[in-house]
Every structure is written in structure tokens, then in C-alpha cells.
file query_1.txt (compact mmCIF, N, CA and C atoms)
# COMPACT_ATOMS: atom_id res chain seq x y z
N MET B 1 -14.70 47.70 -21.80
CA MET B 1 -14.58 49.09 -21.39
C MET B 1 -13.89 49.12 -20.02
N SER B 2 -12.76 49.79 -19.93
CA SER B 2 -12.04 49.85 -18.66
C SER B 2 -12.13 51.26 -18.07
N GLU B 3 -12.40 51.29 -16.79
CA GLU B 3 -12.47 52.57 -16.08
C GLU B 3 -11.15 52.84 -15.39
N THR B 4 -10.74 54.05 -15.42
CA THR B 4 -9.53 54.43 -14.68
C THR B 4 -9.95 55.23 -13.45
N LEU B 5 -9.32 54.88 -12.38
CA LEU B 5 -9.61 55.56 -11.11
C LEU B 5 -8.61 56.68 -10.92
N THR B 6 -9.10 57.88 -10.74
CA THR B 6 -8.21 59.02 -10.51
C THR B 6 -8.43 59.54 -9.10
N LEU B 7 -7.35 59.92 -8.52
CA LEU B 7 -7.39 60.48 -7.17
C LEU B 7 -7.06 61.96 -7.21
N ASP B 8 -7.70 62.72 -6.34
CA ASP B 8 -7.37 64.13 -6.24
C ASP B 8 -5.98 64.29 -5.65
N LYS B 9 -5.38 65.41 -5.97
CA LYS B 9 -4.08 65.70 -5.39
C LYS B 9 -4.23 65.89 -3.88
N PRO B 10 -3.23 65.50 -3.12
CA PRO B 10 -3.34 65.69 -1.66
C PRO B 10 -3.37 67.17 -1.31
N ARG B 11 -4.03 67.48 -0.20
CA ARG B 11 -4.15 68.87 0.21
C ARG B 11 -2.81 69.46 0.63
N SER B 12 -2.02 68.65 1.28
CA SER B 12 -0.70 69.15 1.68
C SER B 12 0.35 68.47 0.81
N PRO B 13 1.24 69.27 0.26
CA PRO B 13 2.25 68.67 -0.63
C PRO B 13 3.19 67.77 0.16
N ARG B 14 3.54 66.68 -0.44
CA ARG B 14 4.46 65.73 0.21
C ARG B 14 5.89 66.15 -0.09
N ARG B 15 6.73 65.98 0.90
CA ARG B 15 8.14 66.28 0.71
C ARG B 15 8.82 65.10 0.04
N PRO B 16 9.82 65.40 -0.75
CA PRO B 16 10.56 64.28 -1.35
C PRO B 16 11.26 63.46 -0.26
N ALA B 17 11.41 62.19 -0.48
CA ALA B 17 12.00 61.30 0.52
C ALA B 17 13.43 61.69 0.88
N ALA B 18 14.14 62.32 -0.05
CA ALA B 18 15.54 62.68 0.20
C ALA B 18 15.65 63.77 1.28
N ARG B 19 14.62 64.60 1.47
CA ARG B 19 14.69 65.69 2.44
C ARG B 19 14.30 65.25 3.84
N ARG B 20 13.72 64.10 4.00
CA ARG B 20 13.26 63.66 5.30
C ARG B 20 14.45 63.25 6.17
N SER B 21 14.33 63.56 7.44
CA SER B 21 15.37 63.18 8.39
C SER B 21 14.70 62.62 9.64
N ASN B 22 15.49 62.26 10.60
CA ASN B 22 14.97 61.73 11.85
C ASN B 22 14.83 62.82 12.91
N PHE B 23 14.81 64.07 12.51
CA PHE B 23 14.74 65.16 13.48
C PHE B 23 13.50 65.07 14.35
N GLU B 24 12.36 64.80 13.75
CA GLU B 24 11.12 64.72 14.52
C GLU B 24 11.13 63.54 15.49
N LEU B 25 11.76 62.44 15.10
CA LEU B 25 11.90 61.30 16.01
C LEU B 25 12.75 61.69 17.21
N TYR B 26 13.88 62.34 16.96
CA TYR B 26 14.75 62.76 18.06
C TYR B 26 14.08 63.84 18.90
N SER B 27 13.30 64.70 18.28
CA SER B 27 12.55 65.72 19.00
C SER B 27 11.52 65.08 19.92
N TRP B 28 10.81 64.08 19.41
CA TRP B 28 9.83 63.35 20.21
C TRP B 28 10.50 62.65 21.39
N LEU B 29 11.63 62.01 21.13
CA LEU B 29 12.37 61.31 22.18
C LEU B 29 12.90 62.29 23.22
N PHE B 30 13.40 63.45 22.76
CA PHE B 30 13.88 64.47 23.70
C PHE B 30 12.76 64.94 24.61
N MET B 31 11.56 65.13 24.06
CA MET B 31 10.43 65.59 24.89
C MET B 31 10.13 64.59 26.00
N ARG B 32 10.18 63.31 25.71
CA ARG B 32 9.90 62.30 26.73
C ARG B 32 10.99 62.27 27.79
N LEU B 33 12.25 62.28 27.36
CA LEU B 33 13.36 62.20 28.31
C LEU B 33 13.51 63.48 29.13
N SER B 34 13.38 64.63 28.47
CA SER B 34 13.50 65.89 29.20
C SER B 34 12.32 66.08 30.15
N GLY B 35 11.14 65.62 29.75
CA GLY B 35 9.98 65.69 30.64
C GLY B 35 10.19 64.87 31.89
N LEU B 36 10.75 63.68 31.73
CA LEU B 36 11.04 62.83 32.88
C LEU B 36 12.09 63.46 33.78
N ALA B 37 13.15 64.00 33.19
CA ALA B 37 14.19 64.65 33.97
C ALA B 37 13.64 65.90 34.67
N LEU B 38 12.78 66.65 33.99
CA LEU B 38 12.18 67.84 34.61
C LEU B 38 11.28 67.49 35.78
N VAL B 39 10.55 66.39 35.68
CA VAL B 39 9.72 65.97 36.82
C VAL B 39 10.60 65.72 38.04
N VAL B 40 11.70 65.02 37.86
CA VAL B 40 12.62 64.74 38.97
C VAL B 40 13.22 66.04 39.50
N LEU B 41 13.72 66.89 38.61
CA LEU B 41 14.37 68.13 39.03
C LEU B 41 13.39 69.08 39.74
N VAL B 42 12.22 69.26 39.18
CA VAL B 42 11.25 70.22 39.74
C VAL B 42 10.67 69.69 41.05
N LEU B 43 10.29 68.42 41.09
CA LEU B 43 9.77 67.88 42.35
C LEU B 43 10.84 67.87 43.43
N GLY B 44 12.08 67.56 43.05
CA GLY B 44 13.18 67.65 44.01
C GLY B 44 13.37 69.07 44.50
N HIS B 45 13.31 70.02 43.59
CA HIS B 45 13.43 71.43 43.94
C HIS B 45 12.32 71.85 44.91
N LEU B 46 11.09 71.49 44.58
CA LEU B 46 9.97 71.86 45.45
C LEU B 46 10.06 71.19 46.81
N PHE B 47 10.45 69.92 46.84
CA PHE B 47 10.59 69.20 48.11
C PHE B 47 11.66 69.85 48.99
N ILE B 48 12.80 70.16 48.39
CA ILE B 48 13.90 70.74 49.17
C ILE B 48 13.56 72.16 49.63
N MET B 49 13.00 72.95 48.73
CA MET B 49 12.73 74.36 49.07
C MET B 49 11.57 74.49 50.06
N ASN B 50 10.56 73.65 49.95
CA ASN B 50 9.35 73.83 50.77
C ASN B 50 9.29 72.95 52.00
N ILE B 51 9.93 71.80 51.98
CA ILE B 51 9.81 70.89 53.12
C ILE B 51 11.11 70.81 53.90
N VAL B 52 12.22 70.52 53.22
CA VAL B 52 13.49 70.36 53.91
C VAL B 52 14.00 71.70 54.45
N ASP B 53 13.91 72.75 53.66
CA ASP B 53 14.43 74.06 54.07
C ASP B 53 13.38 74.93 54.76
N GLU B 54 12.34 74.34 55.29
CA GLU B 54 11.35 75.01 56.14
C GLU B 54 10.53 76.09 55.43
N GLY B 55 10.25 75.94 54.16
CA GLY B 55 9.30 76.81 53.49
C GLY B 55 9.92 77.98 52.74
N VAL B 56 9.06 78.66 52.00
CA VAL B 56 9.51 79.73 51.11
C VAL B 56 9.80 81.03 51.85
N HIS B 57 9.38 81.16 53.09
CA HIS B 57 9.63 82.41 53.82
C HIS B 57 11.12 82.62 54.09
N ARG B 58 11.93 81.58 53.95
CA ARG B 58 13.38 81.70 54.15
C ARG B 58 14.11 82.18 52.91
N ILE B 59 13.44 82.20 51.78
CA ILE B 59 14.13 82.51 50.53
C ILE B 59 14.31 84.02 50.40
N ASP B 60 15.56 84.43 50.38
CA ASP B 60 15.93 85.82 50.16
C ASP B 60 17.28 85.84 49.45
N PHE B 61 17.88 87.00 49.34
CA PHE B 61 19.15 87.12 48.64
C PHE B 61 20.22 86.26 49.28
N ALA B 62 20.31 86.27 50.60
CA ALA B 62 21.33 85.49 51.31
C ALA B 62 21.13 83.99 51.08
N PHE B 63 19.87 83.56 51.04
CA PHE B 63 19.59 82.14 50.82
C PHE B 63 20.07 81.72 49.43
N VAL B 64 19.76 82.52 48.42
CA VAL B 64 20.18 82.20 47.05
C VAL B 64 21.70 82.26 46.95
N ALA B 65 22.32 83.24 47.59
CA ALA B 65 23.77 83.36 47.56
C ALA B 65 24.42 82.12 48.19
N GLY B 66 23.89 81.68 49.32
CA GLY B 66 24.43 80.48 49.95
C GLY B 66 24.22 79.24 49.11
N ARG B 67 23.08 79.16 48.50
CA ARG B 67 22.77 77.99 47.66
C ARG B 67 23.66 77.95 46.43
N TRP B 68 23.81 79.09 45.75
CA TRP B 68 24.62 79.11 44.54
C TRP B 68 26.12 79.15 44.80
N ALA B 69 26.52 79.14 46.05
CA ALA B 69 27.94 78.99 46.36
C ALA B 69 28.38 77.55 46.09
N SER B 70 27.43 76.63 46.02
CA SER B 70 27.72 75.23 45.77
C SER B 70 27.58 74.91 44.29
N PRO B 71 28.59 74.29 43.67
CA PRO B 71 28.48 73.89 42.26
C PRO B 71 27.33 72.90 42.01
N PHE B 72 26.99 72.10 43.03
CA PHE B 72 25.88 71.16 42.88
C PHE B 72 24.59 71.91 42.59
N TRP B 73 24.28 72.97 43.36
CA TRP B 73 23.04 73.72 43.16
C TRP B 73 23.08 74.55 41.89
N GLN B 74 24.26 75.03 41.52
CA GLN B 74 24.38 75.73 40.24
C GLN B 74 24.03 74.78 39.10
N PHE B 75 24.56 73.57 39.15
CA PHE B 75 24.27 72.59 38.10
C PHE B 75 22.79 72.20 38.11
N TRP B 76 22.22 72.04 39.30
CA TRP B 76 20.80 71.67 39.42
C TRP B 76 19.92 72.74 38.77
N ASP B 77 20.16 74.00 39.15
CA ASP B 77 19.34 75.10 38.61
C ASP B 77 19.60 75.31 37.12
N LEU B 78 20.85 75.16 36.69
CA LEU B 78 21.17 75.29 35.27
C LEU B 78 20.50 74.18 34.46
N SER B 79 20.47 72.98 34.99
CA SER B 79 19.79 71.87 34.31
C SER B 79 18.30 72.14 34.18
N MET B 80 17.70 72.66 35.26
CA MET B 80 16.27 73.00 35.17
C MET B 80 16.03 74.08 34.13
N LEU B 81 16.87 75.10 34.12
CA LEU B 81 16.72 76.20 33.16
C LEU B 81 16.82 75.68 31.72
N TRP B 82 17.89 74.97 31.40
CA TRP B 82 18.11 74.51 30.04
C TRP B 82 17.06 73.50 29.60
N LEU B 83 16.76 72.53 30.46
CA LEU B 83 15.77 71.52 30.07
C LEU B 83 14.38 72.14 29.91
N ALA B 84 14.00 73.01 30.82
CA ALA B 84 12.67 73.63 30.72
C ALA B 84 12.58 74.51 29.48
N GLN B 85 13.62 75.27 29.19
CA GLN B 85 13.60 76.16 28.03
C GLN B 85 13.57 75.36 26.73
N LEU B 86 14.41 74.34 26.62
CA LEU B 86 14.44 73.54 25.39
C LEU B 86 13.17 72.70 25.24
N HIS B 87 12.65 72.17 26.34
CA HIS B 87 11.43 71.37 26.31
C HIS B 87 10.24 72.26 25.89
N GLY B 88 10.11 73.41 26.50
CA GLY B 88 9.02 74.32 26.14
C GLY B 88 9.16 74.87 24.74
N GLY B 89 10.38 75.21 24.34
CA GLY B 89 10.62 75.71 22.99
C GLY B 89 10.31 74.66 21.93
N ASN B 90 10.68 73.42 22.21
CA ASN B 90 10.37 72.34 21.27
C ASN B 90 8.86 72.13 21.16
N GLY B 91 8.17 72.20 22.27
CA GLY B 91 6.71 72.09 22.23
C GLY B 91 6.07 73.23 21.47
N LEU B 92 6.55 74.44 21.67
CA LEU B 92 6.01 75.59 20.95
C LEU B 92 6.34 75.51 19.46
N ARG B 93 7.52 74.99 19.13
CA ARG B 93 7.87 74.79 17.71
C ARG B 93 6.88 73.84 17.05
N THR B 94 6.50 72.78 17.76
CA THR B 94 5.53 71.83 17.23
C THR B 94 4.17 72.49 17.03
N ILE B 95 3.76 73.32 17.98
CA ILE B 95 2.49 74.04 17.85
C ILE B 95 2.53 74.99 16.66
N ILE B 96 3.64 75.69 16.48
CA ILE B 96 3.78 76.60 15.33
C ILE B 96 3.67 75.80 14.03
N ASP B 97 4.36 74.65 13.96
CA ASP B 97 4.28 73.82 12.75
C ASP B 97 2.86 73.34 12.49
N ASP B 98 2.12 73.03 13.56
CA ASP B 98 0.77 72.50 13.39
C ASP B 98 -0.25 73.57 13.02
N TYR B 99 -0.11 74.78 13.53
CA TYR B 99 -1.18 75.77 13.40
C TYR B 99 -0.88 76.97 12.52
N ALA B 100 0.38 77.26 12.23
CA ALA B 100 0.68 78.38 11.34
C ALA B 100 0.39 77.95 9.91
N ARG B 101 -0.48 78.69 9.23
CA ARG B 101 -0.93 78.28 7.90
C ARG B 101 0.04 78.69 6.80
N LYS B 102 0.59 79.88 6.91
CA LYS B 102 1.47 80.37 5.84
C LYS B 102 2.92 80.09 6.19
N ASP B 103 3.71 79.81 5.16
CA ASP B 103 5.13 79.54 5.37
C ASP B 103 5.86 80.74 5.95
N THR B 104 5.50 81.96 5.50
CA THR B 104 6.17 83.14 6.03
C THR B 104 5.82 83.37 7.50
N THR B 105 4.58 83.12 7.86
CA THR B 105 4.17 83.25 9.27
C THR B 105 4.92 82.24 10.11
N ARG B 106 4.98 81.00 9.64
CA ARG B 106 5.69 79.95 10.35
C ARG B 106 7.16 80.31 10.51
N PHE B 107 7.77 80.84 9.46
CA PHE B 107 9.19 81.22 9.50
C PHE B 107 9.44 82.29 10.56
N TRP B 108 8.66 83.36 10.55
CA TRP B 108 8.90 84.47 11.48
C TRP B 108 8.56 84.09 12.92
N LEU B 109 7.54 83.27 13.12
CA LEU B 109 7.24 82.80 14.47
C LEU B 109 8.37 81.95 15.03
N LYS B 110 8.94 81.11 14.17
CA LYS B 110 10.07 80.29 14.62
C LYS B 110 11.31 81.14 14.89
N ILE B 111 11.55 82.13 14.06
CA ILE B 111 12.69 83.04 14.31
C ILE B 111 12.51 83.73 15.66
N LEU B 112 11.31 84.25 15.91
CA LEU B 112 11.02 84.89 17.19
C LEU B 112 11.21 83.92 18.35
N LEU B 113 10.75 82.70 18.18
CA LEU B 113 10.91 81.67 19.22
C LEU B 113 12.38 81.38 19.48
N TYR B 114 13.15 81.15 18.43
CA TYR B 114 14.57 80.79 18.60
C TYR B 114 15.37 81.94 19.22
N VAL B 115 15.08 83.16 18.80
CA VAL B 115 15.79 84.32 19.37
C VAL B 115 15.46 84.48 20.85
N SER B 116 14.18 84.36 21.20
CA SER B 116 13.80 84.50 22.61
C SER B 116 14.37 83.36 23.45
N MET B 117 14.39 82.14 22.90
CA MET B 117 14.98 81.02 23.63
C MET B 117 16.46 81.25 23.89
N ALA B 118 17.17 81.68 22.86
CA ALA B 118 18.61 81.92 23.00
C ALA B 118 18.87 83.03 24.01
N LEU B 119 18.08 84.10 23.96
CA LEU B 119 18.25 85.21 24.89
C LEU B 119 18.04 84.76 26.34
N ILE B 120 16.98 84.01 26.58
CA ILE B 120 16.69 83.55 27.94
C ILE B 120 17.76 82.57 28.43
N LEU B 121 18.21 81.68 27.55
CA LEU B 121 19.25 80.73 27.95
C LEU B 121 20.56 81.43 28.27
N VAL B 122 20.95 82.38 27.44
CA VAL B 122 22.20 83.11 27.68
C VAL B 122 22.11 83.93 28.97
N LEU B 123 21.03 84.69 29.14
CA LEU B 123 20.89 85.51 30.34
C LEU B 123 20.79 84.67 31.60
N GLY B 124 20.00 83.60 31.56
CA GLY B 124 19.87 82.73 32.73
C GLY B 124 21.17 82.06 33.10
N THR B 125 21.91 81.59 32.10
CA THR B 125 23.21 80.97 32.36
C THR B 125 24.19 81.98 32.94
N MET B 126 24.18 83.20 32.39
CA MET B 126 25.07 84.23 32.92
C MET B 126 24.74 84.56 34.38
N VAL B 127 23.47 84.64 34.71
CA VAL B 127 23.06 84.95 36.09
C VAL B 127 23.56 83.86 37.03
N ILE B 128 23.39 82.60 36.64
CA ILE B 128 23.80 81.51 37.52
C ILE B 128 25.31 81.49 37.72
N PHE B 129 26.08 81.70 36.66
CA PHE B 129 27.54 81.59 36.78
C PHE B 129 28.23 82.87 37.22
N THR B 130 27.61 84.02 37.05
CA THR B 130 28.28 85.28 37.43
C THR B 130 27.64 85.90 38.65
N PHE B 131 26.78 85.17 39.35
CA PHE B 131 26.12 85.70 40.53
C PHE B 131 27.15 86.06 41.58
N ASP B 132 27.09 87.31 42.06
CA ASP B 132 28.04 87.78 43.06
C ASP B 132 27.32 87.97 44.39
N PRO B 133 27.62 87.12 45.38
CA PRO B 133 26.95 87.25 46.68
C PRO B 133 27.49 88.42 47.51
N ASN B 134 28.55 89.06 47.06
CA ASN B 134 29.16 90.15 47.85
C ASN B 134 28.84 91.52 47.30
N ILE B 135 27.64 91.70 46.80
CA ILE B 135 27.23 93.01 46.30
C ILE B 135 27.05 93.93 47.50
N PRO B 136 27.68 95.13 47.47
CA PRO B 136 27.52 96.03 48.62
C PRO B 136 26.10 96.56 48.73
N VAL B 137 25.63 96.62 49.93
CA VAL B 137 24.28 97.14 50.20
C VAL B 137 24.34 98.66 50.20
N THR B 138 23.44 99.29 49.45
CA THR B 138 23.45 100.77 49.42
C THR B 138 22.27 101.34 50.16

call {"tool": "encode", "arguments": {"input": "query_1.txt", "output": "C-alpha cells"}}
result
Amino acid sequence: MSETLTLDKPRSPRRPAARRSNFELYSWLFMRLSGLALVVLVLGHLFIMNIVDEGVHRIDFAFVAGRWASPFWQFWDLSMLWLAQLHGGNGLRTIIDDYARKDTTRFWLKILLYVSMALILVLGTMVIFTFDPNIPVT
């Protein structure tokens, strides 16, 4: 008499091997590298703004205008903006994948995330590159 062992179906359906990609690996690697770069950029920003430039009481429109007159500071701030936005968006995408139960909920949350990320990146980039220090005072 032979017994056959049967297993229950898995709770979460498995994807076919053909659909799998290395996206999650690259996403994981991006989080580590962007996190490291953000630590350097943010700590450098805080050190320069609070210690080298004599504290936050100096920060006003003229200070920002003078700072963004230099392509170096434009690139520094743009790098912080893009890395922080993509790093945070990638983390939130992972949270949505982990906790959204329904596919439609997951879809719409991701659409909302991607649209808001794109909007913030476009507006922030436009502010950095089109900033006009010669706005007339009214």
C-alpha cells in the first residue's frame, strides 16, 4: 500500500519564470547606493549650511540666489532632489507591494505615487534651473 503526499496550493500564486527579471535586484542595489550618496550629500549640506556659513539665520532669498548662481551648487541640490525623490519613491513602492492586498488598490496607489514623483521632480528641477535672482521687489 503506497501513500501519496499531497501539498496544499500556495497562498500566493507563483509567477512563471519567464516573467521574472532583475528589477528587484537593481532596485535593492539602487537603494544602497543612493542611500550612501544621500548621506554624503545631506551631511555635507548640513555641515556647510550650519557650520561653515555661520548658521541658518543667514539663509534668505539673496543667500539662495548667490548659491544657485554657481553650477556646482545647482548640481549638488539637484542631486539631492533626484536621489531623495527616487530613493523615497522606491521605498514607498516596496511598501505598497508588501501591504496592498488587492491588485487594483496596488495599481492605483502606484499610479498616484509615480504621478506625484514625476510632478515633484519636474517642478523641483524647473525651480533649480529657472531660478531668477533678479526678481523686482514690489

call {"tool": "residues_around", "arguments": {"input": "query_1.txt", "residues": "B:Trp76", "least_positions_apart": "6", "cutoff": "8 Å", "atoms": "all atoms listed in the file", "output": "ChimeraX atom specification"}}
result
/B:41,70,82

call {"tool": "write_last_selection", "arguments": {"input": "query_1.txt", "atoms": "N, CA and C atoms", "output": "PDB file, in the frame of the given file"}}
result
ATOM      1  N   LEU B  41      13.720  66.890  38.610  1.00  0.00           N
ATOM      2  CA  LEU B  41      14.370  68.130  39.030  1.00  0.00           C
ATOM      3  C   LEU B  41      13.390  69.080  39.740  1.00  0.00           C
ATOM      4  N   SER B  70      27.430  76.630  46.020  1.00  0.00           N
ATOM      5  CA  SER B  70      27.720  75.230  45.770  1.00  0.00           C
ATOM      6  C   SER B  70      27.580  74.910  44.290  1.00  0.00           C
ATOM      7  N   TRP B  82      17.890  74.970  31.400  1.00  0.00           N
ATOM      8  CA  TRP B  82      18.110  74.510  30.040  1.00  0.00           C
ATOM      9  C   TRP B  82      17.060  73.500  29.600  1.00  0.00           C
TER      10      TRP B  82
END

call {"tool": "closest_atom_pairs", "arguments": {"input": "query_1.txt", "of": "stretch 19-96 of chain B", "to": "stretch 104-119 of chain B", "cutoff": "8 Å", "atoms": "all atoms listed in the file", "output": "Markdown table"}}
result
| residue | atom | partner | partner_atom | distance |
| --- | --- | --- | --- | --- |
| B:Gln85 | C | B:Met117 | CA | 6.6 |
| B:Leu86 | N | B:Met117 | CA | 7.3 |
| B:Gly89 | CA | B:Leu113 | C | 6.9 |
| B:Leu92 | C | B:Leu113 | CA | 7.7 |
| B:Arg93 | CA | B:Lys110 | CA | 6.7 |
| B:Ile96 | C | B:Arg106 | CA | 5.9 |

call {"tool": "select_by_dssp", "arguments": {"input": "query_1.txt", "residues": "stretch 3-77 of chain B", "states": "helix (DSSP H, G or I)", "output": "PyMOL selection string"}}
result
chain B and resi 17-19+23-52+56-58+61-67+71-77

call {"tool": "residues_around", "arguments": {"input": "query_1.txt", "residues": "B:Ile128", "least_positions_apart": "6", "cutoff": "8 Å", "atoms": "only C-alpha atoms", "output": "number ranges by chain"}}
result
B: 68, 74, 77-78

call {"tool": "residues_near_point", "arguments": {"input": "query_1.txt", "point": "(28.5, 81.3, 47.9)", "cutoff": "12 Å", "atoms": "only C-alpha atoms", "output": "ChimeraX atom specification"}}
result
/B:61-74,128-135

call {"tool": "atom_distance", "arguments": {"input": "query_1.txt", "atom1": "atom N of B:His57", "atom2": "atom C of B:Val40"}}
result
20.7 Å

call {"tool": "atom_distance", "arguments": {"input": "query_1.txt", "atom1": "atom CA of B:Leu83", "atom2": "atom CA of B:Leu38"}}
result
6.9 Å

call {"tool": "atom_distance", "arguments": {"input": "query_1.txt", "atom1": "atom CA of B:Ala100", "atom2": "atom CA of B:Val122"}}
result
27.4 Å

call {"tool": "axis_aligned_box", "arguments": {"input": "query_1.txt", "around": "stretch 123-137 of chain B", "padding_each_side": "8 Å", "output": "lines of an AutoDock Vina configuration file"}}
result
center_x = 24.5
center_y = 89.8
center_z = 39.7
size_x = 25.3
size_y = 33.7
size_z = 37.1
